[in-house]
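Asks: Here it is, the structure in full.
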Amino acid sequence: MKDNEFRKGRIVRIHGLDSVVRSDGEDIVCSFRGVMKKEKRKLTNLGAVGDYVTFSMTEGEKGVIEDIEERRNALERRRVDKGTKRFTPHKQVIAANVDQLVIVASLREPPLKLYQVDRLLVAASMSKLHPVIFLNKVDLAESQEEIDWVFEVYANANCTITSGSAQNGDTAGLLELMRDKTSVISGPSGAGKSTLINNLGVLSQRTGDVNTKTRYGSHTTTNVSLLELPSGGCVIDTPGIREFDAWHATPKNIGSHYPEFAEIAQGCRFRDCLHIEEPDCRVKDALEAGEIHPNRYRTYQILVTDLGGISKEF
Ligand SMILES: Nc1nc2c(ncn2[C@@H]2O[C@H](COP(=O)(O)OP(=O)(O)OP(=O)(O)O)[C@@H](O)[C@H]2O)c(=O)[nH]1
Ligand SMILES: [Mg+2]
Ligand SMILES: [Zn+2]
């Protein structure tokens with residue numbers, strides 16, 4: 001290959017100002033062209049994990065990123081102020097070009113808390129990501145009904161739900177849903193995210209390859225990012241993504257991220273009905289008629305209170 005030839009790849013890790021780009025199964029450390037840095041200086045970060053880029057090789061087996069393809073979507077988070085530990089208005093892109101959010105929830109130990117799942121469903125909807133719920137630890141179930149019940153709760157929630165056990169390697173259903181997609185994984189603490197990632201059979205990060213060519217090889221394990229699945233598809237996994245949350249939700253827009261409510265809510269007397277105490281509320285009518293699952297309505301109430309509290313921090 002000629003030195004000045006352009007190549008295509010995808011950013012799999014970020015190290016300060018440099019990015020590791022995977023291209024034809026090879027990991028290449030790249031910096032950004034000076035002109036790009038200037039153009040994009042106003043953005044919070046230049047490249048993000050998941051970005052598709054065009055680059056050229058320079059001497060010393062390093063690359064230079066010439067262009068970033070327009071992002072299909074971008075997952076953002078707010079920076080937390082180190083002093084006050086509060087959210088700041090500054091956003092940071094943590095991953096680009098993501099297809100779906102896999103929400104890992106445990107059936108037991110810790111017990112399933114629906115509002116934690118639903119909060120992530122709202123977050124997925126706000127980021128235009130398809131949500132997949134992985135109901136984990138079904139090996140701990142005492143009855144099939146216990147599992148079926150969760151599937152019923154989410155029957156009309158516009159998400160895909162599958163169950164299994166990360167620990168026992170019972171993940172075939174989930175792997176099938178992840179095939180050829182770029183997924184991010186989130187879920188409450190203890191639900192089994194790390195166990196799942198360790199058991200998905202992700203291909204090694206080729207740190208050996210990187211080591212021989214770059215000076216970053218030994219640091220890669222602490223900065224895990226884009227992992228390839230042997231069955232096709234990949235997982236973007238960084239601590240930042242595990243904190244993925246509906247931080248930009250407000251009490252007024254949460255309802256629009258509950259697919260069961262959205263259409264019905266058009267009929268409420270007040271356009272900005274919160275479906276809590278207002279008269280002539282079609283959502284509450286539907287709840288009483290058994291058309292909306294009571295547990296979904298319950299988590300909605302909790303989130304209106306919780307997320308309302310978060311947005312007041314500003
Ligand atoms: N019985 C059972 N235990 C599991 C399963 N998956 C994970 N665990 C256990 O659950 C505990 C928590 O799993 P982790 O993978 O550490 O959970 P996590 O979601 O990464 O938690 P955080 O890192 O705190 O967010 C560990 O003790 C796992 O061994 C499962 O399918 N069945
Ligand atoms: Mg973990
Ligand atoms: Zn209403």
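Residues are referred to by chain and number: the chain letter is A, B, ... according to the order shown in the structure tokens, the number counts from 1 in that chain, and ligands are numbered separately from 1 in the order shown.
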Around ligand 3, out to 9 Å and counting only C-alpha atoms and all ligand atoms, which residues are there? I want them as a list in words.

Replies: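 Sorted by chain and then by number, the residues are Phe261, Ile264, Ala265, Gln266, Gly267, Cys268, Arg269, Phe270, Arg271, Asp272, Cys273, Leu274, His275, Ile276, Glu277, Glu278, Pro279, Asp280, Cys281, Arg282, Val283, Lys284 and Asp285 of chain A.
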
Asks: Please save N, CA and C atoms of the selected residues as a PDB file, in the first residue's frame.

Replies:
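Result written to part-v7.pdb:
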ATOM      1  N   PHE A 261     -48.276   5.340  26.021  1.00  0.00           N
ATOM      2  CA  PHE A 261     -49.037   6.550  26.347  1.00  0.00           C
ATOM      3  C   PHE A 261     -49.227   7.455  25.138  1.00  0.00           C
ATOM      4  N   ILE A 264     -52.522   7.761  23.031  1.00  0.00           N
ATOM      5  CA  ILE A 264     -53.663   8.002  23.919  1.00  0.00           C
ATOM      6  C   ILE A 264     -53.630   9.429  24.463  1.00  0.00           C
ATOM      7  N   ALA A 265     -52.425   9.915  24.776  1.00  0.00           N
ATOM      8  CA  ALA A 265     -52.275  11.222  25.411  1.00  0.00           C
ATOM      9  C   ALA A 265     -52.773  12.370  24.528  1.00  0.00           C
ATOM     10  N   GLN A 266     -52.882  12.116  23.244  1.00  0.00           N
ATOM     11  CA  GLN A 266     -53.412  13.146  22.339  1.00  0.00           C
ATOM     12  C   GLN A 266     -54.829  13.545  22.752  1.00  0.00           C
ATOM     13  N   GLY A 267     -55.527  12.613  23.411  1.00  0.00           N
ATOM     14  CA  GLY A 267     -56.916  12.868  23.774  1.00  0.00           C
ATOM     15  C   GLY A 267     -57.091  13.539  25.137  1.00  0.00           C
ATOM     16  N   CYS A 268     -56.023  13.755  25.873  1.00  0.00           N
ATOM     17  CA  CYS A 268     -56.142  14.397  27.186  1.00  0.00           C
ATOM     18  C   CYS A 268     -56.655  15.832  27.022  1.00  0.00           C
ATOM     19  N   ARG A 269     -57.382  16.319  28.040  1.00  0.00           N
ATOM     20  CA  ARG A 269     -57.935  17.673  27.926  1.00  0.00           C
ATOM     21  C   ARG A 269     -56.824  18.720  27.791  1.00  0.00           C
ATOM     22  N   PHE A 270     -55.785  18.557  28.606  1.00  0.00           N
ATOM     23  CA  PHE A 270     -54.692  19.536  28.557  1.00  0.00           C
ATOM     24  C   PHE A 270     -53.547  19.013  27.689  1.00  0.00           C
ATOM     25  N   ARG A 271     -53.067  19.893  26.846  1.00  0.00           N
ATOM     26  CA  ARG A 271     -51.987  19.468  25.948  1.00  0.00           C
ATOM     27  C   ARG A 271     -50.726  19.080  26.701  1.00  0.00           C
ATOM     28  N   ASP A 272     -50.499  19.755  27.826  1.00  0.00           N
ATOM     29  CA  ASP A 272     -49.295  19.449  28.612  1.00  0.00           C
ATOM     30  C   ASP A 272     -49.630  18.579  29.822  1.00  0.00           C
ATOM     31  N   CYS A 273     -50.679  17.753  29.658  1.00  0.00           N
ATOM     32  CA  CYS A 273     -51.118  16.878  30.754  1.00  0.00           C
ATOM     33  C   CYS A 273     -49.953  15.995  31.229  1.00  0.00           C
ATOM     34  N   LEU A 274     -49.773  15.955  32.537  1.00  0.00           N
ATOM     35  CA  LEU A 274     -48.723  15.082  33.097  1.00  0.00           C
ATOM     36  C   LEU A 274     -49.282  13.698  33.419  1.00  0.00           C
ATOM     37  N   HIS A 275     -50.574  13.531  33.226  1.00  0.00           N
ATOM     38  CA  HIS A 275     -51.264  12.251  33.477  1.00  0.00           C
ATOM     39  C   HIS A 275     -51.146  11.843  34.946  1.00  0.00           C
ATOM     40  N   ILE A 276     -51.153  12.815  35.823  1.00  0.00           N
ATOM     41  CA  ILE A 276     -51.053  12.463  37.233  1.00  0.00           C
ATOM     42  C   ILE A 276     -52.281  12.949  38.004  1.00  0.00           C
ATOM     43  N   GLU A 277     -52.506  14.264  37.998  1.00  0.00           N
ATOM     44  CA  GLU A 277     -53.655  14.759  38.780  1.00  0.00           C
ATOM     45  C   GLU A 277     -54.695  15.481  37.940  1.00  0.00           C
ATOM     46  N   GLU A 278     -54.427  15.601  36.628  1.00  0.00           N
ATOM     47  CA  GLU A 278     -55.302  16.399  35.774  1.00  0.00           C
ATOM     48  C   GLU A 278     -56.650  15.706  35.537  1.00  0.00           C
ATOM     49  N   PRO A 279     -57.713  16.505  35.366  1.00  0.00           N
ATOM     50  CA  PRO A 279     -59.007  15.907  34.983  1.00  0.00           C
ATOM     51  C   PRO A 279     -58.997  15.543  33.496  1.00  0.00           C
ATOM     52  N   ASP A 280     -59.938  14.703  33.101  1.00  0.00           N
ATOM     53  CA  ASP A 280     -60.089  14.293  31.696  1.00  0.00           C
ATOM     54  C   ASP A 280     -58.780  13.796  31.094  1.00  0.00           C
ATOM     55  N   CYS A 281     -58.145  12.909  31.805  1.00  0.00           N
ATOM     56  CA  CYS A 281     -56.870  12.368  31.334  1.00  0.00           C
ATOM     57  C   CYS A 281     -57.115  10.992  30.732  1.00  0.00           C
ATOM     58  N   ARG A 282     -56.837  10.884  29.435  1.00  0.00           N
ATOM     59  CA  ARG A 282     -57.089   9.617  28.737  1.00  0.00           C
ATOM     60  C   ARG A 282     -56.108   8.522  29.175  1.00  0.00           C
ATOM     61  N   VAL A 283     -54.911   8.921  29.559  1.00  0.00           N
ATOM     62  CA  VAL A 283     -53.931   7.932  30.011  1.00  0.00           C
ATOM     63  C   VAL A 283     -54.445   7.245  31.280  1.00  0.00           C
ATOM     64  N   LYS A 284     -54.980   8.033  32.193  1.00  0.00           N
ATOM     65  CA  LYS A 284     -55.520   7.412  33.412  1.00  0.00           C
ATOM     66  C   LYS A 284     -56.759   6.570  33.110  1.00  0.00           C
ATOM     67  N   ASP A 285     -57.550   7.018  32.144  1.00  0.00           N
ATOM     68  CA  ASP A 285     -58.705   6.202  31.712  1.00  0.00           C
ATOM     69  C   ASP A 285     -58.216   4.852  31.204  1.00  0.00           C
TER      70      ASP A 285
END

Asks: Using DSSP on the backbone, list every residue of segment 152-312 of chain A that comes out as alpha helix (DSSP H), and give them as a ChimeraX atom specification.

Replies: /A:152-153,172-178,193-199,207-213,239-242,251-254,259-262,282-288,294-311

Asks: Using only C-alpha atoms and all ligand atoms, find each residue in chain A having at least one atom no more than 7 Å away from ligand 2; report its shortest atom-to-atom pair and that distance in Å (one decimal), rows by chain then rising number, as a Markdown table.

Replies:
| residue | atom | partner | partner_atom_place_in_ligand_line | distance |
| --- | --- | --- | --- | --- |
| A:Ser189 | CA | ligand 2 | 1 (Mg) | 6.9 |
| A:Gly190 | CA | ligand 2 | 1 (Mg) | 6.9 |
| A:Gly192 | CA | ligand 2 | 1 (Mg) | 6.8 |
| A:Lys193 | CA | ligand 2 | 1 (Mg) | 5.4 |
| A:Ser194 | CA | ligand 2 | 1 (Mg) | 4.1 |

Asks: Determine, counting only C-alpha atoms, which protein, DNA and RNA residues have an atom within 12 Å of an atom of Thr171 of chain A; residues of the same chain fewer than 2 positions away are not included. Present the result as a ChimeraX atom specification.

Replies: /A:104,134-138,162-169,173-178,195-201,231

Asks: Could you tell me, as a list in words, which residues of segment 141-216 of chain A DSSP assigns to strand (DSSP E or B) when given the backbone?

Replies: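 DSSP-assigned strand (DSSP E or B) residues in segment 141-216 of chain A: Thr160, Ile161, Thr162, Ser163, Ser165, Asp170, Thr182, Ser183, Val184, Ile185 and Ser186 of chain A.
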
Asks: Smallest atom-to-atom distance to Ser125 of chain A: which of A:Val202, A:Leu226, A:Ile292, A:Ala246, using only C-alpha atoms?

Replies: A:Ala246

Asks: Choose the residue, out of A:Glu142, A:Asp245, A:Asp180, A:Asp148, that has the smallest atom-to-atom separation from Glu76 of chain A; count only C-alpha atoms.

Replies: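 Smallest distance to Glu76 of chain A is found for A:Asp245.
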
Asks: Which residues are close to Thr182 of chain A, i.e. within 8 Å by only C-alpha atoms, leaving aside same-chain residues fewer than 4 positions away? Reply as a list in words.

Replies: Asn97, Val98, Asp99, Gln100, Met178, Gly233, Cys234, Val235 and Ile236 of chain A

Asks: Could you check which of A:Asp24, A:Asp237, A:Glu260, A:Asp81 is closest to ligand 1, using only C-alpha atoms and all ligand atoms?

Replies: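 The answer is A:Asp237, which sits nearest to ligand 1.
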
Asks: From the list A:Val20, A:Ala48, A:Leu107, A:Val29, which residue is nearest ligand 1 when using only C-alpha atoms and all ligand atoms?

Replies: A:Leu107

Asks: Figure out the distance between atom 25 (O, counted along the ligand's line) of ligand 1 and atom CA of Ala141 of chain A, please, to one decimal in Å.

Replies: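 So the two atoms, atom CA of Ala141 of chain A and atom 25 (O, counted along the ligand's line) of ligand 1, lie 20.9 Å apart.
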
Asks: Within 10 Å of Tyr300 of chain A, counting only C-alpha atoms, which residues qualify if same-chain residues fewer than 6 places away don't, as a list in words?

Replies: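 Residues near the query, excluding close chain neighbours: Tyr115, Asp118, Arg119, Val122, Pro251, Ile254, Gly255, His257, Tyr258, Leu274, His275, Ile276, Pro294 and Asp306 of chain A.
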
Asks: Counting only C-alpha atoms, what is within 8 Å of Phe87 of chain A, bar same-chain residues fewer than 4 positions away, as a PyMOL selection string?

Replies: chain A and resi 78-81+313

Asks: Based on the selection just made, write N, CA and C atoms of those residues as an mmCIF file, in the first residue's frame.

Replies:
data_model
loop_
_atom_site.group_PDB
_atom_site.id
_atom_site.type_symbol
_atom_site.label_atom_id
_atom_site.label_comp_id
_atom_site.auth_asym_id
_atom_site.auth_seq_id
_atom_site.Cartn_x
_atom_site.Cartn_y
_atom_site.Cartn_z
ATOM 1 N N ARG A 78 -23.488 14.377 30.269
ATOM 2 C CA ARG A 78 -23.076 15.659 30.819
ATOM 3 C C ARG A 78 -21.860 15.431 31.693
ATOM 4 N N ARG A 79 -20.962 16.369 31.656
ATOM 5 C CA ARG A 79 -19.806 16.261 32.534
ATOM 6 C C ARG A 79 -20.242 16.533 33.956
ATOM 7 N N VAL A 80 -19.608 15.837 34.872
ATOM 8 C CA VAL A 80 -19.892 16.070 36.289
ATOM 9 C C VAL A 80 -18.753 16.927 36.844
ATOM 10 N N ASP A 81 -19.126 17.958 37.566
ATOM 11 C CA ASP A 81 -18.123 18.830 38.182
ATOM 12 C C ASP A 81 -17.437 18.061 39.306
ATOM 13 N N GLU A 313 -31.552 20.718 39.201
ATOM 14 C CA GLU A 313 -30.200 20.981 39.704
ATOM 15 C C GLU A 313 -29.541 22.183 39.056
#
